[in-house]
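One structure below.
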Amino acid sequence: MKSSITLTFVALLSSYFVSALPFADESVCPGGEVEILSETYIGKDHNVKMTTLSCSTKVHASNTLSARQTTPVDVCDANCNTNCFIPAGGGPDPNECHVIADAILFDSQNVGALFTIPVGNSTSNPVVMQFRSCKTFFVNQSNQVLEYCRTDWSTLVDFLAFNCQATQNAHGGNCVAVDGRWFVQVQTS
């Protein structure tokens, strides 16, 4: 009995420290403080790690914050502009990115077609998906809660992974919403 209580305490304590540790990727939350909000595995085989982060930056006294909308704004099917990261070399394996795309589609069929990206402390709460060499993330850059289609994200992951690689003199890329409210990025993990 005592050992199961000790194991439970150690598990709870370790999960606290894991969530309090910073996420070691400047590309997801550049120049800010990062907190892991949740971490789970998705997809049919539960092999794609999904992490929800809270990014915050220091707000200067001259900045003013506007009220944030809490009703999600649907940005499914919104246009975005593709940017491939040059030069070539060091990009993710597009086939490993396709595993992420499939996991997102699996969730679309089994969890729901839409997902919500809330607004963080002063910047965003990105959602990060990772499988082997490939990482993708969705970043909400607006002051509004956004709702996006999982099928759209899956399509973007495949498109960016297969069209922004060494043969195109690139190593990953992103697609930034025309209005600048959000972007999806694919890169090496």
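Residues in the structure tokens are named by chain (A, B, ... in the order shown) and by number from 1 within that chain; ligands are numbered from 1 in the order shown.
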
Contact residues around A:Val186 with only C-alpha atoms at 6 Å, ignoring same-chain residues under 6 positions, as a short mmCIF file (atom, residue, chain, number, x, y, z; two decimals) with N, CA, C and O atoms, in the first residue's frame:
data_model
loop_
_atom_site.label_atom_id
_atom_site.label_comp_id
_atom_site.auth_asym_id
_atom_site.auth_seq_id
_atom_site.Cartn_x
_atom_site.Cartn_y
_atom_site.Cartn_z
N LYS A 135 8.06 18.35 -37.20
CA LYS A 135 7.28 19.11 -36.23
C LYS A 135 6.43 20.11 -36.99
O LYS A 135 6.88 20.75 -37.94
N THR A 136 5.18 20.24 -36.58
CA THR A 136 4.30 21.27 -37.14
C THR A 136 3.62 21.97 -35.98
O THR A 136 3.40 21.37 -34.93
N GLY A 172 11.77 23.16 -44.98
CA GLY A 172 10.54 23.40 -44.23
C GLY A 172 9.94 24.73 -44.65
O GLY A 172 10.48 25.43 -45.52
N GLY A 173 8.81 25.06 -44.04
CA GLY A 173 8.16 26.31 -44.39
C GLY A 173 6.94 26.57 -43.55
O GLY A 173 6.62 25.82 -42.62
#

Polymer residues at most 7 Å from stretch 70-85 of chain A, only C-alpha atoms, same-chain spacing of 6 or more positions, as a PyMOL selection string: chain A and resi 144-149+152+164+170-178

With N, CA, C and O atoms retained, export the selected residues as a compact mmCIF listing (two decimals), in the first residue's frame.
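Produced file selection-v2.txt, reproduced below:
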# COMPACT_ATOMS: atom_id res chain seq x y z
N GLN A 144 -8.01 37.16 -30.66
CA GLN A 144 -9.28 36.45 -30.69
C GLN A 144 -9.05 34.94 -30.59
O GLN A 144 -8.03 34.44 -31.07
N VAL A 145 -9.98 34.25 -29.98
CA VAL A 145 -9.94 32.79 -29.96
C VAL A 145 -10.30 32.33 -31.38
O VAL A 145 -11.28 32.81 -31.95
N LEU A 146 -9.49 31.44 -31.94
CA LEU A 146 -9.72 30.98 -33.31
C LEU A 146 -10.15 29.52 -33.32
O LEU A 146 -9.76 28.74 -32.44
N GLU A 147 -10.93 29.17 -34.32
CA GLU A 147 -11.35 27.79 -34.54
C GLU A 147 -10.91 27.41 -35.95
O GLU A 147 -11.16 28.16 -36.90
N TYR A 148 -10.23 26.27 -36.08
CA TYR A 148 -9.67 25.87 -37.37
C TYR A 148 -10.03 24.43 -37.65
O TYR A 148 -10.23 23.63 -36.73
N CYS A 149 -10.09 24.07 -38.93
CA CYS A 149 -10.43 22.70 -39.33
C CYS A 149 -9.20 21.82 -39.31
O CYS A 149 -8.16 22.17 -39.87
N ASP A 152 -7.95 21.01 -42.77
CA ASP A 152 -7.12 22.06 -43.38
C ASP A 152 -5.68 21.96 -42.89
O ASP A 152 -4.73 22.10 -43.67
N CYS A 164 8.32 22.09 -49.66
CA CYS A 164 9.35 22.97 -49.10
C CYS A 164 10.49 22.10 -48.57
O CYS A 164 10.77 22.05 -47.37
N ALA A 170 14.89 24.24 -50.06
CA ALA A 170 14.27 24.66 -48.79
C ALA A 170 14.47 23.60 -47.72
O ALA A 170 14.94 22.49 -47.99
N HIS A 171 14.09 23.96 -46.50
CA HIS A 171 14.17 23.04 -45.35
C HIS A 171 12.96 23.24 -44.42
O HIS A 171 13.10 23.46 -43.24
N GLY A 172 11.77 23.16 -44.98
CA GLY A 172 10.54 23.40 -44.23
C GLY A 172 9.94 24.73 -44.65
O GLY A 172 10.48 25.43 -45.52
N GLY A 173 8.81 25.06 -44.04
CA GLY A 173 8.16 26.31 -44.39
C GLY A 173 6.94 26.57 -43.55
O GLY A 173 6.62 25.82 -42.62
N ASN A 174 6.24 27.65 -43.90
CA ASN A 174 5.00 27.98 -43.19
C ASN A 174 3.97 28.54 -44.15
O ASN A 174 4.27 28.83 -45.30
N CYS A 175 2.77 28.66 -43.65
CA CYS A 175 1.70 29.29 -44.40
C CYS A 175 1.04 30.28 -43.45
O CYS A 175 0.50 29.90 -42.42
N VAL A 176 1.15 31.56 -43.78
CA VAL A 176 0.67 32.64 -42.93
C VAL A 176 -0.66 33.15 -43.47
O VAL A 176 -0.76 33.47 -44.66
N ALA A 177 -1.66 33.21 -42.61
CA ALA A 177 -2.98 33.71 -43.02
C ALA A 177 -2.84 35.06 -43.69
O ALA A 177 -2.03 35.89 -43.28
N VAL A 178 -3.64 35.28 -44.73
CA VAL A 178 -3.59 36.53 -45.48
C VAL A 178 -3.78 37.73 -44.54
O VAL A 178 -3.12 38.75 -44.69

Proximity to A:Tyr41 - best of A:Ser27, A:Asn125, A:Asn95, A:Gln130, only C-alpha atoms: A:Gln130

Pick from A:Asp158, A:Glu33, A:Glu39, A:Asp179, whichever lies nearest to A:Ser54 using only C-alpha atoms: A:Glu33

Pick from A:Ser108, A:Pro92, A:Gly43, A:Lys49 nearest to A:Asn163, counting only C-alpha atoms: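 So, comparing all the options, the nearest one is A:Pro92.
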
Close residues, A:Asp93 itself excluded, 7 Å, only C-alpha atoms, min 4 positions apart in chain, as a PyMOL selection string: chain A and resi 97+133-134

Any chance you could export the current selection's N, CA and C atoms as a PDB file, in the first residue's frame?
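The result, stored in again.pdb:
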ATOM      1  N   CYS A  97       6.259  13.631 -41.791  1.00  0.00           N
ATOM      2  CA  CYS A  97       5.239  14.687 -41.676  1.00  0.00           C
ATOM      3  C   CYS A  97       3.867  14.141 -42.073  1.00  0.00           C
ATOM      4  N   SER A 133      11.350  13.181 -37.185  1.00  0.00           N
ATOM      5  CA  SER A 133      12.065  14.380 -37.647  1.00  0.00           C
ATOM      6  C   SER A 133      11.151  15.564 -37.932  1.00  0.00           C
ATOM      7  N   CYS A 134       9.848  15.360 -37.879  1.00  0.00           N
ATOM      8  CA  CYS A 134       8.910  16.405 -38.310  1.00  0.00           C
ATOM      9  C   CYS A 134       8.170  17.041 -37.130  1.00  0.00           C
TER      10      CYS A 134
END

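Between atom CA of A:Val139 and atom CA of A:Pro30 the separation is 11.6 Å.
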
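Compared by their closest atoms to A:Ser154, and using only C-alpha atoms, the residues A:Ile100, A:Gln187, A:Ile117, A:Gly180 rank with A:Ile100 nearest.
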
Pick from A:Arg150, A:Val127, A:Thr155, A:Gly91, whichever lies nearest to A:Met50 using only C-alpha atoms: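 Among A:Arg150, A:Val127, A:Thr155, A:Gly91, it is A:Val127 that comes nearest to A:Met50.
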
Strand (DSSP E or B) residues, from DSSP on the backbone, in stretch 81-160 of chain A, as a PyMOL selection string: chain A and resi 81-84+114-117+124+127-131+134-140+144-149

Keeping only N, CA and C atoms, write the selected residues to a file as an mmCIF file, in the first residue's frame.
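Output saved as out_14.cif:
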data_model
loop_
_atom_site.group_PDB
_atom_site.id
_atom_site.type_symbol
_atom_site.label_atom_id
_atom_site.label_comp_id
_atom_site.auth_asym_id
_atom_site.auth_seq_id
_atom_site.Cartn_x
_atom_site.Cartn_y
_atom_site.Cartn_z
ATOM 1 N N ASN A 81 -0.514 32.425 -47.185
ATOM 2 C CA ASN A 81 0.606 32.563 -48.114
ATOM 3 C C ASN A 81 1.746 31.651 -47.671
ATOM 4 N N THR A 82 2.227 30.829 -48.601
ATOM 5 C CA THR A 82 3.281 29.861 -48.316
ATOM 6 C C THR A 82 4.655 30.501 -48.411
ATOM 7 N N ASN A 83 5.502 30.176 -47.440
ATOM 8 C CA ASN A 83 6.895 30.606 -47.419
ATOM 9 C C ASN A 83 7.753 29.378 -47.158
ATOM 10 N N CYS A 84 8.679 29.082 -48.068
ATOM 11 C CA CYS A 84 9.620 27.992 -47.838
ATOM 12 C C CYS A 84 10.897 28.588 -47.263
ATOM 13 N N LEU A 114 -13.256 20.360 -35.854
ATOM 14 C CA LEU A 114 -12.685 21.654 -35.489
ATOM 15 C C LEU A 114 -11.858 21.553 -34.222
ATOM 16 N N PHE A 115 -10.869 22.436 -34.101
ATOM 17 C CA PHE A 115 -10.159 22.592 -32.837
ATOM 18 C C PHE A 115 -10.035 24.080 -32.560
ATOM 19 N N THR A 116 -9.901 24.408 -31.289
ATOM 20 C CA THR A 116 -9.857 25.794 -30.851
ATOM 21 C C THR A 116 -8.460 26.153 -30.382
ATOM 22 N N ILE A 117 -7.988 27.313 -30.812
ATOM 23 C CA ILE A 117 -6.700 27.842 -30.371
ATOM 24 C C ILE A 117 -7.007 29.100 -29.558
ATOM 25 N N SER A 124 0.293 33.984 -27.551
ATOM 26 C CA SER A 124 -0.462 32.885 -28.144
ATOM 27 C C SER A 124 -0.379 31.613 -27.319
ATOM 28 N N VAL A 127 -0.317 25.078 -30.688
ATOM 29 C CA VAL A 127 -0.451 23.628 -30.597
ATOM 30 C C VAL A 127 0.642 23.047 -31.486
ATOM 31 N N VAL A 128 1.437 22.130 -30.919
ATOM 32 C CA VAL A 128 2.582 21.556 -31.606
ATOM 33 C C VAL A 128 2.339 20.063 -31.794
ATOM 34 N N MET A 129 2.581 19.567 -32.999
ATOM 35 C CA MET A 129 2.509 18.138 -33.311
ATOM 36 C C MET A 129 3.903 17.693 -33.737
ATOM 37 N N GLN A 130 4.329 16.523 -33.236
ATOM 38 C CA GLN A 130 5.677 16.072 -33.529
ATOM 39 C C GLN A 130 5.710 14.559 -33.730
ATOM 40 N N PHE A 131 6.423 14.137 -34.794
ATOM 41 C CA PHE A 131 6.692 12.728 -35.051
ATOM 42 C C PHE A 131 8.072 12.619 -35.678
ATOM 43 N N CYS A 134 9.848 15.360 -37.879
ATOM 44 C CA CYS A 134 8.910 16.405 -38.310
ATOM 45 C C CYS A 134 8.170 17.041 -37.130
ATOM 46 N N LYS A 135 8.059 18.349 -37.204
ATOM 47 C CA LYS A 135 7.279 19.107 -36.229
ATOM 48 C C LYS A 135 6.425 20.109 -36.988
ATOM 49 N N THR A 136 5.179 20.243 -36.582
ATOM 50 C CA THR A 136 4.304 21.272 -37.136
ATOM 51 C C THR A 136 3.618 21.969 -35.976
ATOM 52 N N PHE A 137 3.307 23.228 -36.166
ATOM 53 C CA PHE A 137 2.558 23.941 -35.136
ATOM 54 C C PHE A 137 1.640 24.982 -35.748
ATOM 55 N N PHE A 138 0.556 25.215 -35.024
ATOM 56 C CA PHE A 138 -0.431 26.224 -35.379
ATOM 57 C C PHE A 138 -0.310 27.323 -34.338
ATOM 58 N N VAL A 139 -0.090 28.562 -34.778
ATOM 59 C CA VAL A 139 0.069 29.686 -33.861
ATOM 60 C C VAL A 139 -1.022 30.712 -34.128
ATOM 61 N N ASN A 140 -1.746 31.062 -33.087
ATOM 62 C CA ASN A 140 -2.753 32.119 -33.123
ATOM 63 C C ASN A 140 -2.051 33.422 -32.756
ATOM 64 N N GLN A 144 -8.009 37.156 -30.656
ATOM 65 C CA GLN A 144 -9.282 36.446 -30.692
ATOM 66 C C GLN A 144 -9.047 34.942 -30.590
ATOM 67 N N VAL A 145 -9.976 34.246 -29.977
ATOM 68 C CA VAL A 145 -9.942 32.789 -29.961
ATOM 69 C C VAL A 145 -10.301 32.327 -31.375
ATOM 70 N N LEU A 146 -9.490 31.444 -31.942
ATOM 71 C CA LEU A 146 -9.723 30.976 -33.305
ATOM 72 C C LEU A 146 -10.149 29.516 -33.315
ATOM 73 N N GLU A 147 -10.931 29.166 -34.320
ATOM 74 C CA GLU A 147 -11.348 27.786 -34.537
ATOM 75 C C GLU A 147 -10.911 27.410 -35.952
ATOM 76 N N TYR A 148 -10.234 26.270 -36.085
ATOM 77 C CA TYR A 148 -9.668 25.875 -37.371
ATOM 78 C C TYR A 148 -10.031 24.427 -37.651
ATOM 79 N N CYS A 149 -10.089 24.066 -38.927
ATOM 80 C CA CYS A 149 -10.434 22.703 -39.330
ATOM 81 C C CYS A 149 -9.197 21.815 -39.307
#

Closest of A:Pro118, A:Ser38, A:Asp45, A:Ala101 to A:Asn143 - atom-to-atom distances counting only C-alpha atoms: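 Nearest to A:Asn143: A:Pro118.
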